[in-house]
$ cat target-v4.txt   # compact mmCIF, C-alpha atoms
# COMPACT_ATOMS: atom_id res chain seq x y z
CA MET X 235 -15.37 17.33 -21.14
CA LYS X 236 -15.15 19.49 -18.05
CA ILE X 237 -15.03 23.11 -17.00
CA TYR X 238 -12.48 24.49 -14.54
CA GLU X 239 -14.04 27.29 -12.54
CA THR X 240 -14.44 29.05 -9.22
CA ARG X 241 -18.00 28.74 -7.98
CA THR X 242 -18.27 32.24 -6.50
CA ALA X 243 -16.75 34.20 -9.40
CA PRO X 244 -19.03 36.01 -11.89
CA ASN X 245 -17.69 34.70 -15.20
CA PRO X 246 -18.15 30.99 -14.40
CA ARG X 247 -21.75 31.73 -13.44
CA ARG X 248 -22.38 33.18 -16.92
CA VAL X 249 -21.42 29.79 -18.37
CA ARG X 250 -23.43 27.82 -15.79
CA VAL X 251 -26.60 29.85 -16.45
CA PHE X 252 -26.05 29.51 -20.22
CA LEU X 253 -25.71 25.72 -19.95
CA ALA X 254 -28.73 25.53 -17.60
CA GLU X 255 -30.85 27.35 -20.20
CA LYS X 256 -29.76 24.76 -22.76
CA GLY X 257 -30.23 21.83 -20.39
CA ILE X 258 -26.60 20.70 -20.69
CA ASP X 259 -25.06 18.77 -17.78
CA MET X 260 -21.41 19.46 -17.11
CA GLU X 261 -18.57 18.30 -14.89
CA TYR X 262 -17.02 21.19 -12.96
CA VAL X 263 -13.57 21.25 -11.36
CA GLN X 264 -13.18 23.88 -8.64
CA LEU X 265 -10.06 26.05 -8.53
CA ASP X 266 -9.36 28.33 -5.55
CA ILE X 267 -8.17 31.43 -7.39
CA ALA X 268 -7.47 33.34 -4.16
CA ALA X 269 -5.02 30.56 -3.23
CA GLY X 270 -3.59 30.63 -6.78
CA ASP X 271 -4.72 27.15 -7.90
CA ASN X 272 -5.06 28.62 -11.41
CA LEU X 273 -1.41 29.74 -11.45
CA SER X 274 0.24 26.30 -11.17
CA PRO X 275 2.44 25.08 -14.04
CA GLU X 276 -0.11 22.36 -14.79
CA MET X 277 -2.94 24.89 -15.09
CA ARG X 278 -0.84 27.38 -17.06
CA ALA X 279 -0.04 24.65 -19.58
CA LYS X 280 -3.77 24.16 -20.16
CA ASN X 281 -4.77 27.82 -19.86
CA PRO X 282 -1.93 30.33 -20.33
CA THR X 283 -3.98 33.41 -19.41
CA THR X 284 -4.84 31.80 -16.02
CA LYS X 285 -8.36 33.28 -16.24
CA ILE X 286 -11.33 31.15 -15.25
CA PRO X 287 -13.50 29.51 -16.43
CA PHE X 288 -11.96 27.35 -19.12
CA LEU X 289 -13.32 24.31 -20.92
CA GLU X 290 -11.25 21.14 -21.44
CA LEU X 291 -12.46 18.83 -24.20
CA ASP X 292 -11.96 15.06 -24.01
CA ASP X 293 -8.94 15.27 -26.34
CA GLY X 294 -7.27 17.80 -24.02
CA THR X 295 -8.01 20.88 -26.16
CA CYS X 296 -8.71 23.83 -23.88
CA ILE X 297 -10.92 26.83 -24.62
CA GLY X 298 -10.65 29.91 -22.42
CA GLU X 299 -12.87 33.01 -22.29
CA THR X 300 -16.46 32.81 -21.12
CA MET X 301 -18.02 33.85 -24.39
CA ALA X 302 -15.87 31.45 -26.43
CA ILE X 303 -17.03 28.58 -24.22
CA CYS X 304 -20.64 29.65 -24.71
CA ARG X 305 -20.08 29.96 -28.47
CA TYR X 306 -18.88 26.34 -28.57
CA PHE X 307 -22.04 25.09 -26.89
CA GLU X 308 -24.26 27.34 -29.02
CA GLU X 309 -22.75 25.60 -32.06
CA ILE X 310 -22.89 21.99 -30.88
CA HIS X 311 -26.22 22.35 -29.02
CA PRO X 312 -28.11 25.09 -30.92
CA GLU X 313 -31.49 24.84 -29.16
CA PRO X 314 -32.66 26.99 -27.53
CA ALA X 315 -30.63 29.60 -29.39
CA LEU X 316 -29.22 32.13 -26.93
CA MET X 317 -27.03 34.09 -29.35
CA GLY X 318 -29.72 35.05 -31.86
CA ARG X 319 -31.75 33.32 -34.58
CA THR X 320 -31.36 35.66 -37.58
CA PRO X 321 -28.40 37.72 -38.85
CA LEU X 322 -29.87 40.92 -37.40
CA GLU X 323 -30.75 39.31 -34.07
CA LYS X 324 -27.27 37.78 -33.81
CA ALA X 325 -25.79 41.23 -34.33
CA GLN X 326 -28.14 42.79 -31.78
CA VAL X 327 -27.33 40.12 -29.19
CA GLU X 328 -23.62 40.66 -29.76
CA MET X 329 -24.08 44.44 -29.49
CA TRP X 330 -25.92 44.21 -26.19
CA GLN X 331 -23.78 41.53 -24.67
CA ARG X 332 -20.69 43.58 -25.47
CA GLN X 333 -22.16 46.83 -24.16
CA VAL X 334 -23.05 45.05 -20.93
CA GLU X 335 -19.51 43.68 -20.77
CA PHE X 336 -17.57 46.82 -21.64
CA TYR X 337 -19.67 49.50 -19.96
CA PHE X 338 -20.86 47.58 -16.93
CA MET X 339 -19.31 44.19 -16.12
CA LEU X 340 -15.75 45.14 -16.93
CA GLN X 341 -16.12 48.40 -15.00
CA VAL X 342 -17.49 46.50 -11.99
CA GLY X 343 -14.64 44.00 -12.24
CA MET X 344 -12.02 46.74 -12.33
CA CYS X 345 -13.74 48.53 -9.44
CA PHE X 346 -13.53 45.28 -7.47
CA GLN X 347 -9.90 44.53 -8.35
CA HIS X 348 -8.60 48.07 -7.90
CA THR X 349 -10.51 49.07 -4.75
CA THR X 350 -10.36 45.81 -2.75
CA GLY X 351 -6.83 44.70 -3.63
CA TYR X 352 -8.16 41.12 -3.92
CA PHE X 353 -5.49 40.21 -6.50
CA LYS X 354 -2.78 42.54 -5.19
CA ASP X 355 -0.30 39.63 -5.18
CA ARG X 356 -0.58 39.50 -8.99
CA MET X 357 -1.44 43.04 -10.11
CA ASN X 358 -0.90 46.67 -9.11
CA PRO X 359 -4.22 48.13 -7.90
CA ILE X 360 -4.81 51.84 -8.64
CA MET X 361 -7.45 52.94 -6.13
CA ASP X 362 -8.44 56.12 -8.02
CA TRP X 363 -9.12 54.08 -11.14
CA GLY X 364 -11.19 51.54 -9.21
CA VAL X 365 -13.38 54.35 -7.87
CA GLU X 366 -13.76 55.83 -11.36
CA ALA X 367 -14.63 52.46 -12.89
CA GLY X 368 -17.35 52.03 -10.27
CA LYS X 369 -18.79 55.40 -11.27
CA ASN X 370 -18.75 54.33 -14.92
CA ALA X 371 -20.71 51.18 -14.08
CA ALA X 372 -23.26 53.09 -12.00
CA ALA X 373 -23.75 55.64 -14.80
CA TYR X 374 -24.38 52.94 -17.41
CA MET X 375 -27.36 51.62 -15.41
CA LYS X 376 -29.27 54.76 -16.45
CA GLN X 377 -28.86 53.83 -20.13
CA LEU X 378 -29.94 50.27 -19.39
CA ASN X 379 -33.01 51.50 -17.55
CA GLN X 380 -34.02 53.74 -20.45
CA HIS X 381 -33.57 50.91 -22.95
CA LEU X 382 -35.60 48.45 -20.88
CA ALA X 383 -38.53 50.88 -20.71
CA ASP X 384 -39.56 49.69 -24.18
CA SER X 385 -37.96 46.27 -24.30
CA GLN X 386 -38.83 43.11 -22.35
CA PHE X 387 -35.28 41.79 -22.57
CA LEU X 388 -32.13 43.47 -23.86
CA VAL X 389 -33.00 42.35 -27.41
CA GLY X 390 -36.76 42.89 -27.64
CA ASP X 391 -38.80 39.90 -26.48
CA TYR X 392 -35.93 37.48 -27.08
CA PHE X 393 -34.10 36.17 -23.99
CA SER X 394 -30.41 35.90 -24.82
CA ILE X 395 -26.90 35.59 -23.50
CA ALA X 396 -26.90 39.39 -23.16
CA ASP X 397 -29.50 39.04 -20.40
CA ILE X 398 -27.48 36.28 -18.75
CA ASN X 399 -24.42 38.50 -18.72
CA LEU X 400 -26.27 41.44 -17.23
CA LEU X 401 -27.85 39.24 -14.55
CA CYS X 402 -24.47 37.86 -13.46
CA ALA X 403 -22.84 41.29 -13.62
CA LEU X 404 -25.59 42.97 -11.56
CA ASP X 405 -25.44 40.27 -8.89
CA PHE X 406 -21.66 40.52 -8.70
CA ALA X 407 -21.81 44.33 -8.55
CA ARG X 408 -23.35 44.11 -5.08
CA VAL X 409 -19.90 43.08 -3.81
CA VAL X 410 -18.74 46.64 -4.50
CA LYS X 411 -22.08 48.13 -3.41
CA ILE X 412 -23.24 49.02 -6.93
CA LYS X 413 -26.92 48.34 -7.46
CA PRO X 414 -29.84 49.88 -9.37
CA SER X 415 -31.50 52.75 -7.51
CA ASP X 416 -35.23 52.45 -6.84
CA GLU X 417 -35.95 54.94 -9.61
CA TYR X 418 -34.64 52.50 -12.23
CA THR X 419 -37.99 50.77 -12.37
CA HIS X 420 -37.51 49.25 -15.82
CA LEU X 421 -34.16 47.75 -14.95
CA LEU X 422 -35.63 46.39 -11.71
CA ARG X 423 -38.64 44.94 -13.58
CA TRP X 424 -36.21 43.21 -15.94
CA TYR X 425 -34.09 41.97 -13.03
CA GLY X 426 -37.10 40.48 -11.30
CA GLU X 427 -38.10 38.62 -14.43
CA VAL X 428 -34.66 37.27 -15.34
CA SER X 429 -33.56 36.38 -11.83
CA SER X 430 -36.70 34.30 -11.31
CA ARG X 431 -35.87 31.96 -14.21
CA PRO X 432 -34.75 28.52 -12.93
CA SER X 433 -31.39 28.99 -14.66
CA ALA X 434 -30.54 31.90 -12.36
CA LYS X 435 -29.86 29.41 -9.57
CA ALA X 436 -27.00 27.85 -11.55
CA MET V 417 -26.65 50.79 -45.54
CA LYS V 418 -23.77 52.89 -44.25
CA ILE V 419 -21.19 52.94 -41.48
CA TYR V 420 -20.50 56.01 -39.34
CA GLU V 421 -16.85 56.08 -38.37
CA THR V 422 -13.71 58.09 -37.79
CA ARG V 423 -11.06 57.14 -40.32
CA THR V 424 -8.08 57.35 -37.97
CA ALA V 425 -9.55 55.45 -35.00
CA PRO V 426 -8.64 51.79 -34.44
CA ASN V 427 -12.10 50.21 -34.13
CA PRO V 428 -13.42 51.45 -37.49
CA ARG V 429 -10.32 50.01 -39.14
CA ARG V 430 -11.16 46.56 -37.75
CA VAL V 431 -14.46 46.73 -39.62
CA ARG V 432 -12.89 48.10 -42.82
CA VAL V 433 -10.27 45.33 -42.92
CA PHE V 434 -12.96 42.72 -42.21
CA LEU V 435 -15.12 44.02 -45.08
CA ALA V 436 -12.10 44.22 -47.39
CA GLU V 437 -11.33 40.54 -46.72
CA LYS V 438 -14.91 39.72 -47.69
CA GLY V 439 -14.89 42.03 -50.71
CA ILE V 440 -17.86 44.07 -49.46
CA ASP V 441 -18.16 47.70 -50.62
CA MET V 442 -19.54 50.13 -48.06
CA GLU V 443 -20.57 53.76 -47.74
CA TYR V 444 -18.75 55.48 -44.87
CA VAL V 445 -19.82 58.67 -43.11
CA GLN V 446 -17.00 60.45 -41.29
CA LEU V 447 -17.55 61.79 -37.77
CA ASP V 448 -14.98 64.01 -36.08
CA ILE V 449 -15.01 62.50 -32.58
CA ALA V 450 -12.47 65.02 -31.23
CA ALA V 451 -14.95 67.77 -32.18
CA GLY V 452 -17.81 65.76 -30.68
CA ASP V 453 -19.74 65.03 -33.91
CA ASN V 454 -20.75 61.71 -32.32
CA LEU V 455 -22.31 63.45 -29.30
CA SER V 456 -25.05 65.41 -31.14
CA PRO V 457 -28.70 64.65 -30.31
CA GLU V 458 -29.15 63.24 -33.83
CA MET V 459 -26.24 60.83 -33.41
CA ARG V 460 -27.23 59.87 -29.85
CA ALA V 461 -30.69 58.95 -31.11
CA LYS V 462 -29.09 56.50 -33.56
CA ASN V 463 -26.27 55.33 -31.29
CA PRO V 464 -26.83 55.97 -27.56
CA THR V 465 -23.35 54.84 -26.46
CA THR V 466 -21.79 57.43 -28.84
CA LYS V 467 -19.00 54.95 -29.67
CA ILE V 468 -17.86 54.55 -33.25
CA PRO V 469 -18.19 52.78 -35.61
CA PHE V 470 -21.86 51.99 -35.97
CA LEU V 471 -23.83 50.52 -38.85
CA GLU V 472 -27.11 51.98 -40.06
CA LEU V 473 -29.29 49.65 -42.12
CA ASP V 474 -31.59 50.96 -44.86
CA ASP V 475 -34.60 50.77 -42.53
CA GLY V 476 -32.82 52.95 -39.96
CA THR V 477 -31.92 50.13 -37.55
CA CYS V 478 -28.50 50.86 -36.02
CA ILE V 479 -25.95 48.34 -34.78
CA GLY V 480 -23.10 49.50 -32.56
CA GLU V 481 -19.99 47.65 -31.41
CA THR V 482 -17.31 46.62 -33.86
CA MET V 483 -17.70 42.90 -33.36
CA ALA V 484 -21.50 43.05 -33.66
CA ILE V 485 -21.14 44.81 -37.01
CA CYS V 486 -18.69 42.15 -38.17
CA ARG V 487 -21.02 39.41 -36.93
CA TYR V 488 -23.82 40.84 -39.08
CA PHE V 489 -21.68 40.69 -42.22
CA GLU V 490 -20.35 37.23 -41.34
CA GLU V 491 -23.98 36.07 -41.31
CA ILE V 492 -25.23 37.77 -44.48
CA HIS V 493 -22.00 37.28 -46.45
CA PRO V 494 -20.45 34.09 -45.05
CA GLU V 495 -17.56 33.65 -47.50
CA PRO V 496 -14.72 33.79 -46.75
CA ALA V 497 -15.55 32.85 -43.18
CA LEU V 498 -13.54 35.00 -40.78
CA MET V 499 -15.12 33.85 -37.51
CA GLY V 500 -14.46 30.13 -37.86
CA ARG V 501 -15.79 27.23 -39.94
CA THR V 502 -16.45 24.53 -37.33
CA PRO V 503 -17.79 24.72 -33.76
CA LEU V 504 -14.28 24.28 -32.32
CA GLU V 505 -12.74 26.80 -34.70
CA LYS V 506 -15.48 29.33 -33.95
CA ALA V 507 -14.74 28.94 -30.24
CA GLN V 508 -10.99 29.28 -30.82
CA VAL V 509 -11.48 32.41 -32.93
CA GLU V 510 -13.69 33.91 -30.24
CA MET V 511 -11.14 32.99 -27.56
CA TRP V 512 -8.26 34.64 -29.39
CA GLN V 513 -10.15 37.67 -30.55
CA ARG V 514 -11.29 38.29 -26.97
CA GLN V 515 -7.84 37.74 -25.50
CA VAL V 516 -6.44 40.22 -28.00
CA GLU V 517 -9.19 42.65 -27.05
CA PHE V 518 -9.10 42.31 -23.27
CA TYR V 519 -5.37 41.86 -22.66
CA PHE V 520 -4.00 44.05 -25.42
CA MET V 521 -6.33 46.34 -27.37
CA LEU V 522 -8.37 47.47 -24.39
CA GLN V 523 -5.21 48.05 -22.37
CA VAL V 524 -3.72 50.10 -25.20
CA GLY V 525 -6.95 52.08 -25.48
CA MET V 526 -7.01 52.85 -21.76
CA CYS V 527 -3.32 53.77 -21.86
CA PHE V 528 -4.12 56.21 -24.66
CA GLN V 529 -7.19 57.71 -22.99
CA HIS V 530 -5.70 57.98 -19.51
CA THR V 531 -2.19 59.19 -20.38
CA THR V 532 -2.95 61.61 -23.23
CA GLY V 533 -6.19 63.14 -21.91
CA TYR V 534 -7.56 62.98 -25.48
CA PHE V 535 -11.15 62.66 -24.19
CA LYS V 536 -10.68 64.67 -21.00
CA ASP V 537 -13.77 66.76 -21.88
CA ARG V 538 -15.90 63.61 -21.47
CA MET V 539 -14.05 61.40 -18.97
CA ASN V 540 -11.75 61.66 -15.95
CA PRO V 541 -8.26 60.42 -16.92
CA ILE V 542 -6.26 58.64 -14.20
CA MET V 543 -2.62 58.89 -15.29
CA ASP V 544 -1.35 56.08 -13.01
CA TRP V 545 -3.90 53.71 -14.48
CA GLY V 546 -2.99 54.69 -18.03
CA VAL V 547 0.65 53.86 -17.32
CA GLU V 548 -0.33 50.54 -15.74
CA ALA V 549 -2.59 49.61 -18.65
CA GLY V 550 0.30 50.27 -21.03
CA LYS V 551 2.47 47.87 -19.01
CA ASN V 552 -0.29 45.25 -19.20
CA ALA V 553 -0.40 45.55 -22.99
CA ALA V 554 3.36 45.33 -23.32
CA ALA V 555 3.48 42.25 -21.08
CA TYR V 556 0.83 40.44 -23.13
CA MET V 557 2.99 40.67 -26.26
CA LYS V 558 5.28 38.06 -24.70
CA GLN V 559 2.38 35.56 -24.54
CA LEU V 560 1.44 36.38 -28.13
CA ASN V 561 5.01 35.83 -29.26
CA GLN V 562 5.19 32.44 -27.55
CA HIS V 563 1.89 31.37 -29.08
CA LEU V 564 2.90 32.44 -32.59
CA ALA V 565 6.10 30.38 -32.40
CA ASP V 566 4.02 27.33 -33.31
CA SER V 567 1.09 28.91 -35.08
CA GLN V 568 0.98 30.71 -38.44
CA PHE V 569 -2.00 32.82 -37.38
CA LEU V 570 -3.66 33.17 -33.99
CA VAL V 571 -5.84 30.12 -34.76
CA GLY V 572 -3.45 27.70 -36.49
CA ASP V 573 -3.24 28.18 -40.25
CA TYR V 574 -6.65 29.88 -40.38
CA PHE V 575 -6.67 33.66 -40.93
CA SER V 576 -9.48 35.13 -38.84
CA ILE V 577 -10.95 38.23 -37.28
CA ALA V 578 -8.65 37.61 -34.32
CA ASP V 579 -5.69 38.43 -36.60
CA ILE V 580 -7.47 41.52 -37.92
CA ASN V 581 -8.02 42.74 -34.39
CA LEU V 582 -4.42 42.20 -33.39
CA LEU V 583 -3.15 43.96 -36.53
CA CYS V 584 -5.29 47.03 -35.85
CA ALA V 585 -4.43 47.03 -32.15
CA LEU V 586 -0.68 46.74 -32.78
CA ASP V 587 -0.72 49.56 -35.31
CA PHE V 588 -2.71 51.78 -32.94
CA ALA V 589 -0.40 50.93 -30.03
CA ARG V 590 2.40 52.87 -31.73
CA VAL V 591 0.53 56.05 -30.77
CA VAL V 592 1.43 55.31 -27.15
CA LYS V 593 4.87 53.96 -28.09
CA ILE V 594 4.03 50.32 -27.44
CA LYS V 595 5.53 48.00 -30.03
CA PRO V 596 6.98 44.50 -30.15
CA SER V 597 10.65 44.38 -29.18
CA ASP V 598 13.09 42.90 -31.70
CA GLU V 599 13.30 39.71 -29.64
CA TYR V 600 9.62 38.92 -30.35
CA THR V 601 10.56 37.33 -33.64
CA HIS V 602 7.42 35.20 -33.96
CA LEU V 603 5.10 38.13 -33.36
CA LEU V 604 7.10 40.19 -35.86
CA ARG V 605 6.97 37.36 -38.43
CA TRP V 606 3.20 37.24 -37.99
CA TYR V 607 2.94 41.04 -38.25
CA GLY V 608 4.88 41.08 -41.50
CA GLU V 609 2.61 38.44 -42.98
CA VAL V 610 -0.71 39.97 -41.90
CA SER V 611 0.19 43.59 -42.61
CA SER V 612 1.19 42.72 -46.17
CA ARG V 613 -2.30 41.43 -47.05
CA PRO V 614 -4.15 43.87 -49.35
CA SER V 615 -6.90 44.27 -46.71
CA ALA V 616 -4.41 45.88 -44.30
CA LYS V 617 -4.60 49.07 -46.39
CA ALA V 618 -8.31 49.46 -45.62

$ encode --input "target-v4.txt" --output "structure tokens"
Amino acid sequence: MKIYETRTAPNPRRVRVFLAEKGIDMEYVQLDIAAGDNLSPEMRAKNPTTKIPFLELDDGTCIGETMAICRYFEEIHPEPALMGRTPLEKAQVEMWQRQVEFYFMLQVGMCFQHTTGYFKDRMNPIMDWGVEAGKNAAAYMKQLNQHLADSQFLVGDYFSIADINLLCALDFARVVKIKPSDEYTHLLRWYGEVSSRPSAKA
Amino acid sequence: MKIYETRTAPNPRRVRVFLAEKGIDMEYVQLDIAAGDNLSPEMRAKNPTTKIPFLELDDGTCIGETMAICRYFEEIHPEPALMGRTPLEKAQVEMWQRQVEFYFMLQVGMCFQHTTGYFKDRMNPIMDWGVEAGKNAAAYMKQLNQHLADSQFLVGDYFSIADINLLCALDFARVVKIKPSDEYTHLLRWYGEVSSRPSAKA
């Protein structure tokens, strides 16, 4: 099997860190999304949404969407569990990973796309919305900081895919100059801890 | 346990349909989100994001995010499985449910929020973005229609939470006048089949 990705993009890194935590080796195929490698007829046949990363199994079956790829590996390679170990923990991981996605990562991504015009050949950027999305992302960091005052990781003392997603989102957010202010000491404590794990280099 | 929700909103319906498919009875507490019931100090203490629905367990633990609530019930009440039965199927369900969310439901939601000003007391609507998001949602229906030409449900012949999400998103989309055109015969065939299940009334 192999994963088609773009090394510098934030979503592929979520998968790479996830696989590094599980100790899974993978073959990666690089696509230059700025040049439109992902838009070719061959790639669209494999991956109609054209979003990266996507996983191609040995029989040619393709799985798109970062979290779906991670789910596949969580199922076939359960240890260490990164999506929760009990029903409640699985729900809490899903809650936090989705809050990080919807209220931070997605807002950062829209800020990037709508303020930089990076994909203006394939979408219609709305500058005012990009600015607003950036404000949404910045505001959510306050909630994260409050939560992490009493919690080692996003879900108590359990390191999970929610932490991986926040790490990758925070690092990507620097591209649009969004970063935790010095007063967010709990968020910065968390960042120091998670970014020093060996998997963060993936 | 109980679920705090707003009967007419699309996300609570996703949970109600999911629980109906599993045959799980639930106590629901109605919150008037237009009046800001969800923004009270008491509700913020339970559910800091203020988004509905959220689940409160008997010990007071609260779980927000629609899919996290569904994940909890999938774990404690596995039959019938609605999130996949094999590793590959679980990944395919997650792929489709996320594509429906990101490329359709979320776009419809932003179209609603940014063009109607429904939440203008608590956000800054950007009309141009609302219009654009509506176009994104409408465009994605073409991909859905193509996919459903060869597939009974979103994941082959397996009815899943991805179908529930698309049903609820399509019904909500009518609020902003987005609906499948008559030429999307496969999507309409699917809609007829899924909306006639008893759970669709939930």

$ closest_residue --input "target-v4.txt" --among "X:Pro321, X:Pro432, X:Pro246, X:Pro287" --to "chain V" --atoms "all atoms listed in the file"
X:Pro321

$ atom_distance --input "target-v4.txt" --atom1 "atom CA of X:Pro312" --atom2 "atom CA of V:Arg430"
28.2 Å

$ interface_residues --input "target-v4.txt" --of "chain V" --to "chain X" --cutoff "9 Å" --atoms "all atoms listed in the file" --output "compact mmCIF listing (two decimals) with C-alpha atoms, in the frame of the given file"
# COMPACT_ATOMS: atom_id res chain seq x y z
CA PRO V 464 -26.83 55.97 -27.56
CA THR V 465 -23.35 54.84 -26.46
CA ILE V 479 -25.95 48.34 -34.78
CA GLY V 480 -23.10 49.50 -32.56
CA GLU V 481 -19.99 47.65 -31.41
CA THR V 482 -17.31 46.62 -33.86
CA MET V 483 -17.70 42.90 -33.36
CA ALA V 484 -21.50 43.05 -33.66
CA ILE V 485 -21.14 44.81 -37.01
CA CYS V 486 -18.69 42.15 -38.17
CA ARG V 487 -21.02 39.41 -36.93
CA TYR V 488 -23.82 40.84 -39.08
CA PHE V 489 -21.68 40.69 -42.22
CA GLU V 490 -20.35 37.23 -41.34
CA GLU V 491 -23.98 36.07 -41.31
CA ILE V 492 -25.23 37.77 -44.48
CA THR V 502 -16.45 24.53 -37.33
CA PRO V 503 -17.79 24.72 -33.76
CA LEU V 504 -14.28 24.28 -32.32
CA GLU V 505 -12.74 26.80 -34.70
CA LYS V 506 -15.48 29.33 -33.95
CA ALA V 507 -14.74 28.94 -30.24
CA GLN V 508 -10.99 29.28 -30.82
CA VAL V 509 -11.48 32.41 -32.93
CA GLU V 510 -13.69 33.91 -30.24
CA MET V 511 -11.14 32.99 -27.56
CA TRP V 512 -8.26 34.64 -29.39
CA ARG V 514 -11.29 38.29 -26.97
CA GLN V 515 -7.84 37.74 -25.50
CA ASN V 540 -11.75 61.66 -15.95
CA PRO V 541 -8.26 60.42 -16.92
CA ILE V 542 -6.26 58.64 -14.20
CA ASP V 544 -1.35 56.08 -13.01
CA TRP V 545 -3.90 53.71 -14.48
CA GLU V 548 -0.33 50.54 -15.74
CA GLN V 559 2.38 35.56 -24.54

$ axis_aligned_box --input "target-v4.txt" --around "stretch 585-594 of chain V" --padding-each-side "6 Å" --output "JSON"
{"center_x": 0.2, "center_y": 51.4, "center_z": -31.2, "size_x": 21.3, "size_y": 21.3, "size_z": 20.2}

$ atom_distance --input "target-v4.txt" --atom1 "atom CA of X:Gln341" --atom2 "atom CA of X:Phe406"
11.5 Å

$ closest_residue --input "target-v4.txt" --among "X:Ile237, X:Tyr352, X:Ala268, X:Leu404" --to "X:Val334" --atoms "all atoms listed in the file"
X:Leu404

$ closest_residue --input "target-v4.txt" --among "X:Ala367, X:Val251, X:Gln386, X:Glu239" --to "X:Met277" --atoms "only C-alpha atoms"
X:Glu239

$ atom_distance --input "target-v4.txt" --atom1 "atom CA of V:Val431" --atom2 "atom CA of V:Ile449"
17.3 Å

$ residues_around --input "target-v4.txt" --residues "stretch 411-427 of chain X" --least-positions-apart "6" --cutoff "7 Å" --atoms "all atoms listed in the file" --output "VMD selection string"
chain X and resid 372 375 378 to 379 382 to 383 386 to 387 401 404

$ residues_around --input "target-v4.txt" --residues "X:Glu335" --least-positions-apart "6" --cutoff "9 Å" --atoms "only C-alpha atoms" --output "short mmCIF file (atom, residue, chain, number, x, y, z; two decimals) with C-alpha atoms, keeping the file's coordinate frame"
data_model
loop_
_atom_site.label_atom_id
_atom_site.label_comp_id
_atom_site.auth_asym_id
_atom_site.auth_seq_id
_atom_site.Cartn_x
_atom_site.Cartn_y
_atom_site.Cartn_z
CA GLN X 341 -16.12 48.40 -15.00
CA ALA X 396 -26.90 39.39 -23.16
CA ASN X 399 -24.42 38.50 -18.72
CA LEU X 400 -26.27 41.44 -17.23
CA ALA X 403 -22.84 41.29 -13.62
#

$ residues_near_point --input "target-v4.txt" --point "(-25.0, 29.2, -16.6)" --cutoff "10 Å" --atoms "all atoms listed in the file" --output "PyMOL selection string"
chain X and resi 245-258+304+395+398-399+402+433-436
